[in-house]
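One structure below.
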Amino acid sequence: VRGARGAAGRGVLPDHQAAHRQHQGSAPNFPCRDSCQKGWRLLYILTAYYRCSEVLRPFLLAFLQGASGRPELPFHGISKACEQNFRKTLQFGGRSLFPSSMELKAMVAGRSAKRQLFLLPGGIERHLKIKTCSVAQDVIEELCCEMGLQRPEAFEEYILFVVTDRGEGLLDT
């Protein structure tokens with residue numbers, strides 16, 4: 001598993017550790033449900049931040065697809081979220097900044113989304129649910145769909161302008 005923090009990098013999480021997290025969260029007769037849940041939550045965080053090696057990728061993907069594709073299995077919901085995180089990490093490279101202590105506490109407690117305010121032209125306010133691996137394109141697509149614009153070409157006509165708490169503006173896609 002390779003770090004995804006940009007130029008500085010985060011180092012490597014060996015495949016055997018990722019495989020252990022996978023096994024810990026899937027053991028059918030695991031004696032402590034709480035430990036299983038914690039294993040899945042850890043995997044949820046890891047799949048948001050790290051890519052895995054080429055060797056582990058097909059096995060981890062198959063495991064996540066198998067667990068998320070069977071609603072009768074325990075932890076079906078979080079396994080589906082792990083799979084979505086993993087796919088986003090493969091596509092976009094994972095999150096580049098560590099979560100704040102407040103966000104990390106929320107993820108460990110099983111809360112992985114927050115409502116974020118977006119200001120639209122004309123003073124319109126819209127709250128959207130932002131998940132751990134949400135990217136700007138997800139927000140643009142959701143806002144476009146709410147406006148009735150569902151063609152991929154329409155998504156390319158919009159950008160996000162981010163205003164930080166200091167009032168500084170940053171352009172994003």
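Chain labels run A, B, ... following the order of the structure tokens; each chain numbers its residues from 1, and ligands are numbered from 1 in the order shown.
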
| Leaving out segment 151-157 of chain A and any residue of its chain fewer than 6 positions from it, which residues lie within 9 Å of it when counting only C-alpha atoms, given as a ChimeraX atom specification? | /A:137,140-141,144-145,173

| said: Need to verify the contact set: Ala113 of chain A, 9 Å, only C-alpha atoms, exclusion of same-chain residues closer than 2 positions in sequence. Can you return it as a PyMOL selection string? | reply: chain A and resi 106-107+111+115+129-132

| message | From a backbone DSSP assignment, name each residue in segment 42-158 of chain A labelled strand (DSSP E or B), as a list of chain:residue names. | response |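 Here is the list: A:Arg51, A:Ala113, A:Lys114, A:Arg115, A:Gln116, A:Leu117, A:Phe118, A:Leu119, A:Leu120, A:Ile124, A:Glu125, A:Arg126, A:His127, A:Leu128, A:Lys129, A:Ile130, A:Lys131.
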
| Can you tell me how far atom CA of Ser79 of chain A sits from atom CA of Phe118 of chain A, in Å to one decimal? | 29.0 Å

| task | Determine, counting only C-alpha atoms, which protein, DNA and RNA residues have an atom within 10 Å of an atom of Glu83 of chain A; residues of the same chain fewer than 3 positions away are not included. Present the result as a VMD selection string. | result | chain A and resid 43 to 44 47 to 48 60 to 68 78 to 80 86 to 89

| task | Rank nothing, just name the residue among A:Met147, A:Gly110, A:Gly123, A:Phe59 nearest to Gly39 of chain A, using only C-alpha atoms. | result |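 Looking only at the distances to Gly39 of chain A, the closest residue turns out to be A:Gly110.
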
| query | Just how far from atom CA of Arg51 of chain A is atom CA of Val163 of chain A, in Å to one decimal? | reply |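 These atoms are spaced 29.4 Å apart.
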
| For Leu143 of chain A: contacts at 10 Å, only C-alpha atoms, fewer than 5 positions along chain excluded, given as a list in words |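 Returned residues: Phe118, Leu120, Arg126, Leu128, Gln137, Asp138, Gly148, Leu149, Gln150, Phe155 and Tyr158 of chain A.
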
Deliver the residues from the most recent selection as a file, using all heavy atoms, as a short mmCIF file (atom, residue, chain, number, x, y, z; two decimals), in the first residue's frame.
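Okay, result.cif is ready:
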```cif
data_model
loop_
_atom_site.label_atom_id
_atom_site.label_comp_id
_atom_site.auth_asym_id
_atom_site.auth_seq_id
_atom_site.Cartn_x
_atom_site.Cartn_y
_atom_site.Cartn_z
N PHE A 118 -22.98 24.99 0.30
CA PHE A 118 -22.48 25.51 -0.97
C PHE A 118 -23.32 26.72 -1.33
O PHE A 118 -24.55 26.67 -1.26
CB PHE A 118 -22.57 24.44 -2.08
CG PHE A 118 -21.58 23.34 -1.90
CD1 PHE A 118 -21.88 22.24 -1.12
CD2 PHE A 118 -20.32 23.41 -2.47
CE1 PHE A 118 -20.96 21.22 -0.93
CE2 PHE A 118 -19.39 22.40 -2.28
CZ PHE A 118 -19.72 21.31 -1.51
N LEU A 120 -24.55 29.20 -4.13
CA LEU A 120 -24.72 29.24 -5.58
C LEU A 120 -25.00 30.68 -6.02
O LEU A 120 -25.40 31.52 -5.20
CB LEU A 120 -25.87 28.33 -5.99
CG LEU A 120 -25.74 26.87 -5.56
CD1 LEU A 120 -26.98 26.07 -5.95
CD2 LEU A 120 -24.50 26.24 -6.17
N ARG A 126 -27.16 25.74 -0.73
CA ARG A 126 -27.48 24.33 -0.90
C ARG A 126 -26.56 23.52 -0.01
O ARG A 126 -25.35 23.72 -0.03
CB ARG A 126 -27.30 23.93 -2.36
CG ARG A 126 -27.67 22.53 -2.69
CD ARG A 126 -29.16 22.24 -2.63
NE ARG A 126 -29.84 22.70 -3.80
CZ ARG A 126 -31.03 23.27 -3.79
NH1 ARG A 126 -31.67 23.45 -2.67
NH2 ARG A 126 -31.60 23.65 -4.89
N LEU A 128 -25.01 19.88 0.78
CA LEU A 128 -24.78 18.57 0.17
C LEU A 128 -24.06 17.67 1.15
O LEU A 128 -23.28 18.14 1.98
CB LEU A 128 -23.95 18.69 -1.11
CG LEU A 128 -24.55 19.49 -2.25
CD1 LEU A 128 -23.58 19.54 -3.42
CD2 LEU A 128 -25.88 18.92 -2.69
N GLN A 137 -15.60 16.91 -8.48
CA GLN A 137 -16.45 16.44 -9.58
C GLN A 137 -17.76 15.86 -9.06
O GLN A 137 -18.81 16.05 -9.66
CB GLN A 137 -15.71 15.41 -10.44
CG GLN A 137 -16.46 15.00 -11.69
CD GLN A 137 -16.60 16.16 -12.68
OE1 GLN A 137 -15.75 17.04 -12.77
NE2 GLN A 137 -17.69 16.17 -13.42
N ASP A 138 -17.74 15.19 -7.92
CA ASP A 138 -18.96 14.65 -7.31
C ASP A 138 -19.93 15.78 -6.98
O ASP A 138 -21.14 15.67 -7.22
CB ASP A 138 -18.65 13.87 -6.03
CG ASP A 138 -17.78 12.65 -6.26
OD1 ASP A 138 -17.82 12.08 -7.37
OD2 ASP A 138 -17.06 12.26 -5.32
N GLY A 148 -31.26 19.77 -13.16
CA GLY A 148 -31.81 19.07 -14.32
C GLY A 148 -30.81 18.89 -15.45
O GLY A 148 -31.20 18.56 -16.57
N LEU A 149 -29.54 19.11 -15.18
CA LEU A 149 -28.49 18.94 -16.20
C LEU A 149 -27.80 17.62 -15.94
O LEU A 149 -27.04 17.49 -14.99
CB LEU A 149 -27.48 20.09 -16.11
CG LEU A 149 -28.06 21.50 -16.21
CD1 LEU A 149 -27.00 22.52 -15.89
CD2 LEU A 149 -28.63 21.72 -17.60
N GLN A 150 -28.07 16.63 -16.79
CA GLN A 150 -27.53 15.31 -16.52
C GLN A 150 -26.58 14.81 -17.60
O GLN A 150 -26.12 13.68 -17.53
CB GLN A 150 -28.67 14.32 -16.29
CG GLN A 150 -29.46 14.71 -15.07
CD GLN A 150 -30.57 13.75 -14.75
OE1 GLN A 150 -30.81 12.78 -15.45
NE2 GLN A 150 -31.26 14.01 -13.65
N PHE A 155 -21.48 18.99 -17.11
CA PHE A 155 -20.63 18.99 -15.92
C PHE A 155 -19.34 19.78 -16.17
O PHE A 155 -18.79 20.38 -15.25
CB PHE A 155 -20.27 17.57 -15.49
CG PHE A 155 -21.44 16.66 -15.22
CD1 PHE A 155 -21.30 15.30 -15.34
CD2 PHE A 155 -22.68 17.17 -14.85
CE1 PHE A 155 -22.37 14.45 -15.08
CE2 PHE A 155 -23.76 16.32 -14.59
CZ PHE A 155 -23.59 14.96 -14.71
N TYR A 158 -19.02 23.82 -15.41
CA TYR A 158 -19.06 24.38 -14.07
C TYR A 158 -17.77 24.10 -13.31
O TYR A 158 -17.10 23.10 -13.55
CB TYR A 158 -20.25 23.81 -13.28
CG TYR A 158 -21.57 24.24 -13.88
CD1 TYR A 158 -22.21 23.46 -14.84
CD2 TYR A 158 -22.17 25.42 -13.48
CE1 TYR A 158 -23.41 23.86 -15.39
CE2 TYR A 158 -23.38 25.83 -14.03
CZ TYR A 158 -23.98 25.05 -14.99
OH TYR A 158 -25.17 25.44 -15.54
#
```

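For the atom pair formed by atom CA of Lys105 of chain A and atom CA of Leu90 of chain A, the distance is 24.7 Å, given to one decimal.
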
Could you pull the residues within 7 Å of Tyr49 of chain A, counting only C-alpha atoms, minus those fewer than 4 positions along the same chain, as a CSV table (one decimal) with N, CA, C and O atoms, in the first residue's frame?
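Contents of out-v1.csv, freshly written:
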```csv
chain,number,residue,atom,x,y,z
A,4,ALA,N,-0.3,8.5,-0.3
A,4,ALA,CA,-0.8,9.3,-1.4
A,4,ALA,C,-0.8,10.8,-0.9
A,4,ALA,O,-1.8,11.5,-1.0
A,45,ILE,N,-10.8,3.9,6.5
A,45,ILE,CA,-9.8,5.0,6.6
A,45,ILE,C,-8.7,4.7,5.6
A,45,ILE,O,-8.3,5.6,4.8
A,89,THR,N,-9.8,6.2,-4.6
A,89,THR,CA,-8.4,6.3,-4.4
A,89,THR,C,-7.6,5.8,-5.6
A,89,THR,O,-6.6,6.5,-6.0
A,94,GLY,N,-6.3,9.1,-3.8
A,94,GLY,CA,-6.4,9.2,-2.3
A,94,GLY,C,-6.4,10.6,-1.8
A,94,GLY,O,-5.9,11.5,-2.5
A,95,ARG,N,-6.8,10.8,-0.6
A,95,ARG,CA,-6.8,12.1,0.0
A,95,ARG,C,-5.4,12.5,0.3
A,95,ARG,O,-4.5,11.7,0.6
```

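Among A:Ser100, A:Ser35, A:Val139, A:Cys82, the residue with the shortest atom-to-atom distance to Gln116 of chain A, counting only C-alpha atoms, is A:Val139.
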
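Restricting the calculation to only C-alpha atoms, the smallest distance between Pro121 of chain A and any of A:Leu160, A:Val55, A:Met102, A:Leu97 is found for A:Leu160.
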